[in-house]
Amino acid sequence: QHEAERRAFDGTGRTADGTRVELLANVADPAGAQAALEASAEGVGLFRTEFCFLGRSTEPGVSEQVAAYRQVLSAFPRRKVVVRTLDAGADKPLPFVTADGEPNPALGVRGLRTASSRPGVLERQLQAIAAAAEAENAEVWVMAPMVATAGEAADFVTLCEQHGLRHAGVMVEVPAAALRAADVFAHAAFGSVGTNDLIQYTMAADRMLGELAALSTPWQPAVLELIRATCEGAARHGRPVGVCGEAAADATLAPVLVGLGVRSLSMTPRALADVAAVLQRVTDAECVELARLALAEDDPMEARNAVRDAIRPVL
Ligand code: PEP
Ligand code: MG
């Protein structure tokens, strides 16, 4: 019986009590948007726009960007698509945006930080996103990667408003933003936790190093604590928080994230059905209790085992 439920996702995520948890897809190009559609994703929680920029020596023009973004937006008419602005730098260097030879590129000028030295690139991208949204009549939310401070969030929101993009938020992937979430969400309309980078920066463990896998897990209590802090700070301003890092695809972790206050999960399309099946079988109160169980452990494996044992009947 569980197997049958697991194979299909009906396109509406919810807990056993009926609390809505939006189940969205991570999309990196038009083919990914089709995969998301086939898996019944409710929308797109992370549209990575780098595909339009990578492997080029010059910036794509605004009309070229509009055409590329429309190909993804057109797959989700009138549904939520969270577009992330260019995340260049670190593992994604771009000759016309980032500088060569930084000693520590992961801690360098990446993500929103590139807007200080190259403001035109972000402005033209926002112009293209706004035009694509208008042409497709799409519900576009826009967010910036690598936001560390409330001031950066405020500047980004202002810039988005100047381009007619009224639903502007931030990725929470730097511990500083999580710790000061109440300040950040005074400006940002929503947040999306990027666990891949949040883990890297919290644990000081390069996300590319398999050797550090034991440190690099969302089950680390320090990481869960920062997600909780993010949700608390956002709740003070009534702002919704989602998770769009790879952790969102962990079906055992999903109820814990909901218990911490997360209300949308964006993941690789093939994980949607399993995550939906687990959430449907736990109540809101059980999610809160599972989050408490996980946070009570000081070892990530023990946290995972404790939660797994508690939900074994539904897995
Ligand atoms: C993340 O950091 O969790 C994230 C979703 O962004 P990326 O993996 O593209 O850095
Ligand atoms: Mg990231």
# chains A, B, ... in the order shown; residues from 1 in each chain; ligands from 1
call {"tool": "select_by_dssp", "arguments": {"residues": "stretch 204-267 of chain A", "states": "alpha helix (DSSP H)", "output": "list of chain:residue names"}}
result
A:Pro221, A:Ala222, A:Val223, A:Leu224, A:Glu225, A:Leu226, A:Ile227, A:Arg228, A:Ala229, A:Thr230, A:Cys231, A:Glu232, A:Gly233, A:Ala234, A:Ala235, A:Ala254, A:Pro255, A:Val256, A:Leu257, A:Val258, A:Gly259, A:Leu260
call {"tool": "closest_atom_pairs", "arguments": {"of": "chain A", "to": "ligand 1", "cutoff": "10 Å", "atoms": "only C-alpha atoms and all ligand atoms", "output": "Markdown table"}}
result
| residue | atom | partner | partner_atom_place_in_ligand_line | distance |
| --- | --- | --- | --- | --- |
| A:Asn26 | CA | ligand 1 | 5 (C) | 8.3 |
| A:Ala28 | CA | ligand 1 | 9 (O) | 9.3 |
| A:Gly45 | CA | ligand 1 | 5 (C) | 9.7 |
| A:Leu46 | CA | ligand 1 | 5 (C) | 7.2 |
| A:Phe47 | CA | ligand 1 | 9 (O) | 9.5 |
| A:Arg48 | CA | ligand 1 | 9 (O) | 6.8 |
| A:Thr49 | CA | ligand 1 | 9 (O) | 9.6 |
| A:Glu50 | CA | ligand 1 | 9 (O) | 9.0 |
| A:Arg84 | CA | ligand 1 | 9 (O) | 9.1 |
| A:Leu86 | CA | ligand 1 | 9 (O) | 9.7 |
| A:Asp87 | CA | ligand 1 | 9 (O) | 7.2 |
| A:Ala88 | CA | ligand 1 | 10 (O) | 9.6 |
| A:Ala90 | CA | ligand 1 | 10 (O) | 9.3 |
| A:Asp91 | CA | ligand 1 | 10 (O) | 8.4 |
| A:Lys92 | CA | ligand 1 | 9 (O) | 9.1 |
| A:Gly111 | CA | ligand 1 | 10 (O) | 9.0 |
| A:Pro145 | CA | ligand 1 | 6 (O) | 7.5 |
| A:Met146 | CA | ligand 1 | 2 (O) | 8.4 |
| A:Met171 | CA | ligand 1 | 4 (C) | 8.1 |
| A:Val172 | CA | ligand 1 | 2 (O) | 8.5 |
| A:Glu173 | CA | ligand 1 | 2 (O) | 6.0 |
| A:Val174 | CA | ligand 1 | 2 (O) | 9.1 |
| A:Ser192 | CA | ligand 1 | 5 (C) | 8.4 |
| A:Val193 | CA | ligand 1 | 3 (O) | 6.7 |
| A:Gly194 | CA | ligand 1 | 3 (O) | 3.0 |
| A:Thr195 | CA | ligand 1 | 3 (O) | 4.0 |
| A:Asn196 | CA | ligand 1 | 3 (O) | 3.5 |
| A:Asp197 | CA | ligand 1 | 2 (O) | 3.8 |
| A:Leu198 | CA | ligand 1 | 2 (O) | 6.4 |
| A:Ile199 | CA | ligand 1 | 3 (O) | 8.2 |
| A:Gln200 | CA | ligand 1 | 2 (O) | 8.5 |
| A:Tyr201 | CA | ligand 1 | 2 (O) | 9.8 |
| A:Arg207 | CA | ligand 1 | 8 (O) | 9.2 |
| A:Val243 | CA | ligand 1 | 3 (O) | 8.1 |
| A:Cys244 | CA | ligand 1 | 5 (C) | 5.1 |
| A:Gly245 | CA | ligand 1 | 3 (O) | 3.5 |
| A:Glu246 | CA | ligand 1 | 3 (O) | 6.3 |
| A:Ala247 | CA | ligand 1 | 3 (O) | 8.1 |
| A:Ala248 | CA | ligand 1 | 3 (O) | 9.4 |
| A:Ser266 | CA | ligand 1 | 5 (C) | 9.0 |
| A:Met267 | CA | ligand 1 | 5 (C) | 9.0 |
call {"tool": "closest_residue", "arguments": {"among": "A:Ala291, A:Leu23, A:Met143, A:Val282", "to": "ligand 2", "atoms": "only C-alpha atoms and all ligand atoms"}}
result
A:Met143
call {"tool": "closest_residue", "arguments": {"among": "A:Leu37, A:Ala204, A:Leu224, A:Val81", "to": "A:Glu136", "atoms": "only C-alpha atoms"}}
result
A:Val81
call {"tool": "closest_residue", "arguments": {"among": "A:Ala181, A:Ala132, A:Pro30, A:Val278", "to": "A:Gln71", "atoms": "only C-alpha atoms"}}
result
A:Pro30
call {"tool": "residues_around", "arguments": {"residues": "A:Thr252", "least_positions_apart": "3", "cutoff": "9 Å", "atoms": "only C-alpha atoms", "output": "ChimeraX atom specification"}}
result
/A:249,255-256,275,278,304,307-308,311,315
call {"tool": "atom_distance", "arguments": {"atom1": "atom CA of A:Arg78", "atom2": "atom CA of A:Glu42"}}
result
10.7 Å
call {"tool": "residues_around", "arguments": {"residues": "stretch 59-69 of chain A", "least_positions_apart": "2", "cutoff": "12 Å", "atoms": "only C-alpha atoms", "output": "PyMOL selection string"}}
result
chain A and resi 27-31+33+47-57+71-76+81-86+94-98+118+120-136+138+140
call {"tool": "atom_distance", "arguments": {"atom1": "atom CA of A:Ala25", "atom2": "atom CA of A:Val44"}}
result
4.7 Å
call {"tool": "closest_residue", "arguments": {"among": "A:Arg110, A:Arg14, A:His187, A:Arg236", "to": "ligand 2", "atoms": "only C-alpha atoms and all ligand atoms"}}
result
A:Arg110
call {"tool": "closest_residue", "arguments": {"among": "A:Gly164, A:Gly89, A:Gly11, A:Gly18", "to": "ligand 2", "atoms": "only C-alpha atoms and all ligand atoms"}}
result
A:Gly89
